[in-house]
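Before any comments, here is the structure.
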Amino acid sequence: TEFMSVLQTVEDELSKTAHKGGFFLGDRITMVDIMFAPFLERMAASLLFFKGFQIRVVKGESTMYPNVNKWFDAMESTEGYTVTKSDYYTHCWDLPPQLGGCTYEPDGEPYENAINGVRSILDDSRGSWELPLEPNNGGLEPDWNDFLNNMDEHAAKREAVERLSFNHDGIVIFASRGAGKKGMPPVMAALSDPNAAPNEAVLSSVDAVLRIVCLALLDGTQEQSTIALMKELARSIRMEGGEVHQENVVKSIAYLRDRIGVPRDMRLPAARQLRAHLNWALSFILDE
């Protein structure tokens with residue numbers, strides 16, 4: 001196709017300076033790299049999601065585009081780039097409203113499901129946003145450990161807690177919009193609803209869920225005292241709140257989970273941990 005021909009041209013051009021560093025002009029970042037960065041980053045995410053076409057691979061994996069991958073590695077060694085770098089999920093939900101829509105193809109479906117957290121690419125009996133998390137999302141999206149000074153999962157969890165704590169009251173209200181009224185007029189972006197109204201009836205339950213999620217992030221999901229707190233809260237939501245209240249709390253937590261943006265809210269390792277820990281909490285509320 002024309003796209004693959006152009007991508008091969010980019011690969012060939014990068015091969016000419018690959019021995020000097022990985023950037024387009026060799027060992028230092030230039031305006032050429034800055035111009036290409038937003039396009040190549042979004043292509044790596046969207047082509048996998050919508051078409052099943054993989055450009056970016058985990059280090060050590062074979063690829064038709066080794067020099068494009070080396071360019072990504074070089075860019076990720078630049079702090080100014082990494083603080084603006086997004087993840088596949090955020091890109092793939094941001095792009096359609098910007099472009100007027102994107103076309104799905106059957107080959108992209110397993111990758112779409114994995115990026116959306118619905119199904120693991122390695123094990124379709126579990127979601128990719130379930131604990132324990134698979135490294136590199138099962139091989140689809142390289143973890144950021146290499147350029148975050150080998151950031152471990154405990155540091156990622158602490159970052160998620162810090163971001164939740166920093167604006168806790170606002171986040172509780174935001175999440176409760178999942179069980180509230182949709183805003184008018186509607187907007188094209190599927191995950192955006194700036195005029196939505198929160199459901200005040202779920203605020204206290206959502207607040208309690210997020211507090212226990214923070215405990216689970218800090219102490220671990222195997223900590224018995226944290227499990228006991230989550231079980232008791234889930235029981236209260238189901239038995240005392242009733243079926244409608246339970247459904248609305250689930251909607252609110254899922255609403256928040258699906259709107260964790262990278263890098264707007266936090267970096268990818270923290271976002272993956274928070275998404276998975278919110279699903280951990282949901283499994284108790286749903287009594288799964």
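Going through the structure tokens in order, the chains are called A, B, and so on, while each chain numbers its residues from 1 and the ligands are numbered from 1 in the order shown.
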Subject >> helix (DSSP H, G or I) residues, from DSSP on the backbone, in range 175-245 of chain A, as a PyMOL selection string >> reply: chain A and resi 175-179+200-219+224-240+243-245
**OP:** Please provide as a VMD selection string all residues within 9 Å of Asp207 in chain A, with the sequence filter that same-chain residues fewer than 3 positions apart are discarded (counting only C-alpha atoms).
**Re:** chain A and resid 168 to 169 171 to 173 202 to 204 210 to 212
**OP:** Excluding range 3-19 of chain A and any residue of its chain fewer than 2 positions from it, enumerate the residues within 10 Å of it, using only C-alpha atoms, and give them as a PyMOL selection string.
**Re:** chain A and resi 1+21-27+40+55+64-71
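Within the 10 Å cut-off around Ala189 in chain A, using only C-alpha atoms and omitting residues fewer than 3 positions from it on the same chain, the listed residues are Trp93, Asp94, Leu95, Pro96, Pro97, Gln98, Gly100, Gly101, Pro186, Ser192 and Asp193 of chain A.
Relative to CA of Tyr89 in chain A, CA of Phe72 in chain A is found at 17.9 Å.
Considering the residues A:Leu274, A:Asp33, A:Asn137, A:Val206 and counting only C-alpha atoms, Asp123 in chain A has its shortest atom-to-atom contact with A:Asn137.
Near Asn145 in chain A, within 12 Å and counting only C-alpha atoms, sit Val58, Lys59, Asp73, Glu76, Ser77, Thr82, Pro135, Asn136, Glu141, Pro142, Leu148, Asn149, Asn150, Met151, Asp152, Glu153, Ala155, Ala156, Arg267, Leu268, Pro269 and Ala270 of chain A; same-chain residues fewer than 3 positions away were not included.
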Within 10 Å of Arg177 in chain A, counting only C-alpha atoms, which residues qualify if same-chain residues fewer than 3 places away don't, as a short mmCIF file (atom, residue, chain, number, x, y, z; two decimals) with N, CA and C atoms, in the first residue's frame?
```
data_model
loop_
_atom_site.label_atom_id
_atom_site.label_comp_id
_atom_site.auth_asym_id
_atom_site.auth_seq_id
_atom_site.Cartn_x
_atom_site.Cartn_y
_atom_site.Cartn_z
N VAL A 172 -14.00 12.42 42.69
CA VAL A 172 -15.23 11.74 43.13
C VAL A 172 -16.44 12.30 42.38
N ILE A 173 -16.51 13.62 42.28
CA ILE A 173 -17.63 14.25 41.55
C ILE A 173 -17.58 13.89 40.07
N PHE A 174 -16.38 13.92 39.51
CA PHE A 174 -16.21 13.57 38.09
C PHE A 174 -16.68 12.14 37.85
N GLY A 180 -24.81 9.87 36.27
CA GLY A 180 -25.61 11.09 36.23
C GLY A 180 -26.31 11.28 34.90
N LYS A 181 -26.57 12.54 34.59
CA LYS A 181 -27.26 12.87 33.34
C LYS A 181 -26.27 13.36 32.31
N LYS A 182 -26.42 12.87 31.08
CA LYS A 182 -25.55 13.30 30.01
C LYS A 182 -25.79 14.78 29.70
N GLY A 183 -24.72 15.43 29.27
CA GLY A 183 -24.81 16.85 29.00
C GLY A 183 -25.44 17.17 27.66
N ASP A 193 -17.69 14.53 27.96
CA ASP A 193 -19.04 15.04 28.19
C ASP A 193 -18.95 16.18 29.19
N PRO A 194 -18.43 17.32 28.76
CA PRO A 194 -18.14 18.41 29.70
C PRO A 194 -19.36 18.97 30.41
N ASN A 195 -20.54 18.74 29.86
CA ASN A 195 -21.74 19.30 30.48
C ASN A 195 -22.54 18.27 31.28
N ALA A 196 -21.96 17.08 31.50
CA ALA A 196 -22.67 16.04 32.25
C ALA A 196 -22.87 16.47 33.70
N ALA A 197 -23.96 15.99 34.28
CA ALA A 197 -24.27 16.31 35.68
C ALA A 197 -24.00 15.09 36.55
N PRO A 198 -23.33 15.25 37.69
CA PRO A 198 -23.04 14.11 38.56
C PRO A 198 -24.29 13.60 39.27
N ASN A 199 -24.23 12.36 39.70
CA ASN A 199 -25.29 11.77 40.50
C ASN A 199 -24.87 11.86 41.96
N GLU A 200 -25.44 12.77 42.68
CA GLU A 200 -25.01 13.03 44.05
C GLU A 200 -25.30 11.87 44.99
N VAL A 202 -24.50 8.86 44.69
CA VAL A 202 -23.42 7.86 44.75
C VAL A 202 -22.11 8.44 45.28
N LEU A 203 -22.08 9.72 45.61
CA LEU A 203 -20.83 10.37 45.98
C LEU A 203 -20.13 9.68 47.15
N ASN A 248 -25.29 2.01 39.78
CA ASN A 248 -24.79 3.37 39.58
C ASN A 248 -23.35 3.54 40.10
N LYS A 251 -21.20 1.97 37.42
CA LYS A 251 -21.10 2.89 36.29
C LYS A 251 -20.11 4.02 36.57
N SER A 252 -20.11 4.50 37.79
CA SER A 252 -19.24 5.62 38.16
C SER A 252 -17.77 5.22 38.17
N ILE A 253 -17.48 4.07 38.76
CA ILE A 253 -16.09 3.60 38.82
C ILE A 253 -15.59 3.27 37.42
N TYR A 255 -16.68 4.60 34.65
CA TYR A 255 -16.57 5.89 33.96
C TYR A 255 -15.21 6.52 34.23
N LEU A 256 -14.80 6.50 35.49
CA LEU A 256 -13.49 7.04 35.85
C LEU A 256 -12.38 6.22 35.22
#
```
Original post:
Quick one: distance from CA of Lys231 in chain A to CA of Gly127 in chain A in Å, one decimal?
Top reply: 21.6 Å
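Proximity ranking of A:Ser125, A:Ser62, A:Gln224, A:Ser205 relative to Gly241 in chain A places A:Ser205 first, based on only C-alpha atoms.
When CA of Asn113 in chain A is paired with CA of Ala175 in chain A, their separation reads 22.8 Å.
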Original post:
Which residues come within 10 Å of Leu229 in chain A, counting only C-alpha atoms, excluding same-chain residues fewer than 3 positions away, as a PyMOL selection string?
Top reply: chain A and resi 208-209+212+215+224-226+232-235
Okay, now the selection with N, CA, C and O atoms, as a PDB file, in the first residue's frame?
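Now in selection-v3.pdb:
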```pdb
ATOM      1  N   ALA A 208     -15.708   6.261  49.094  1.00  0.00           N
ATOM      2  CA  ALA A 208     -15.213   5.145  49.895  1.00  0.00           C
ATOM      3  C   ALA A 208     -14.460   4.133  49.035  1.00  0.00           C
ATOM      4  O   ALA A 208     -13.415   3.613  49.442  1.00  0.00           O
ATOM      5  N   VAL A 209     -14.973   3.846  47.851  1.00  0.00           N
ATOM      6  CA  VAL A 209     -14.299   2.909  46.943  1.00  0.00           C
ATOM      7  C   VAL A 209     -12.904   3.414  46.607  1.00  0.00           C
ATOM      8  O   VAL A 209     -11.917   2.663  46.659  1.00  0.00           O
ATOM      9  N   ILE A 212     -10.368   3.009  49.422  1.00  0.00           N
ATOM     10  CA  ILE A 212      -9.888   1.631  49.578  1.00  0.00           C
ATOM     11  C   ILE A 212      -8.986   1.246  48.417  1.00  0.00           C
ATOM     12  O   ILE A 212      -8.001   0.515  48.596  1.00  0.00           O
ATOM     13  N   LEU A 215      -5.645   2.367  49.332  1.00  0.00           N
ATOM     14  CA  LEU A 215      -5.038   1.438  50.287  1.00  0.00           C
ATOM     15  C   LEU A 215      -4.492   0.210  49.573  1.00  0.00           C
ATOM     16  O   LEU A 215      -3.385  -0.257  49.869  1.00  0.00           O
ATOM     17  N   GLN A 224      -5.003  -8.531  53.990  1.00  0.00           N
ATOM     18  CA  GLN A 224      -6.292  -9.017  54.480  1.00  0.00           C
ATOM     19  C   GLN A 224      -7.179  -7.900  55.016  1.00  0.00           C
ATOM     20  O   GLN A 224      -8.402  -7.928  54.839  1.00  0.00           O
ATOM     21  N   SER A 225      -6.594  -6.918  55.669  1.00  0.00           N
ATOM     22  CA  SER A 225      -7.418  -5.832  56.209  1.00  0.00           C
ATOM     23  C   SER A 225      -8.049  -5.016  55.086  1.00  0.00           C
ATOM     24  O   SER A 225      -9.201  -4.569  55.194  1.00  0.00           O
ATOM     25  N   THR A 226      -7.301  -4.838  53.988  1.00  0.00           N
ATOM     26  CA  THR A 226      -7.836  -4.093  52.841  1.00  0.00           C
ATOM     27  C   THR A 226      -8.935  -4.904  52.159  1.00  0.00           C
ATOM     28  O   THR A 226      -9.977  -4.351  51.763  1.00  0.00           O
ATOM     29  N   GLU A 232     -16.668  -5.513  52.899  1.00  0.00           N
ATOM     30  CA  GLU A 232     -17.730  -4.910  53.695  1.00  0.00           C
ATOM     31  C   GLU A 232     -18.380  -3.746  52.950  1.00  0.00           C
ATOM     32  O   GLU A 232     -19.607  -3.593  52.964  1.00  0.00           O
ATOM     33  N   LEU A 233     -17.576  -2.930  52.283  1.00  0.00           N
ATOM     34  CA  LEU A 233     -18.135  -1.824  51.509  1.00  0.00           C
ATOM     35  C   LEU A 233     -18.986  -2.356  50.368  1.00  0.00           C
ATOM     36  O   LEU A 233     -20.094  -1.849  50.117  1.00  0.00           O
ATOM     37  N   ALA A 234     -18.490  -3.372  49.671  1.00  0.00           N
ATOM     38  CA  ALA A 234     -19.246  -3.946  48.558  1.00  0.00           C
ATOM     39  C   ALA A 234     -20.575  -4.522  49.049  1.00  0.00           C
ATOM     40  O   ALA A 234     -21.616  -4.365  48.394  1.00  0.00           O
ATOM     41  N   ARG A 235     -20.541  -5.182  50.204  1.00  0.00           N
ATOM     42  CA  ARG A 235     -21.776  -5.733  50.774  1.00  0.00           C
ATOM     43  C   ARG A 235     -22.772  -4.624  51.086  1.00  0.00           C
ATOM     44  O   ARG A 235     -23.968  -4.735  50.796  1.00  0.00           O
TER      45      ARG A 235
END
```
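Distances here use only C-alpha atoms; by that measure, the residue among A:Gln246, A:Asn279, A:Thr90, A:Thr63 closest to Thr221 in chain A is A:Asn279.
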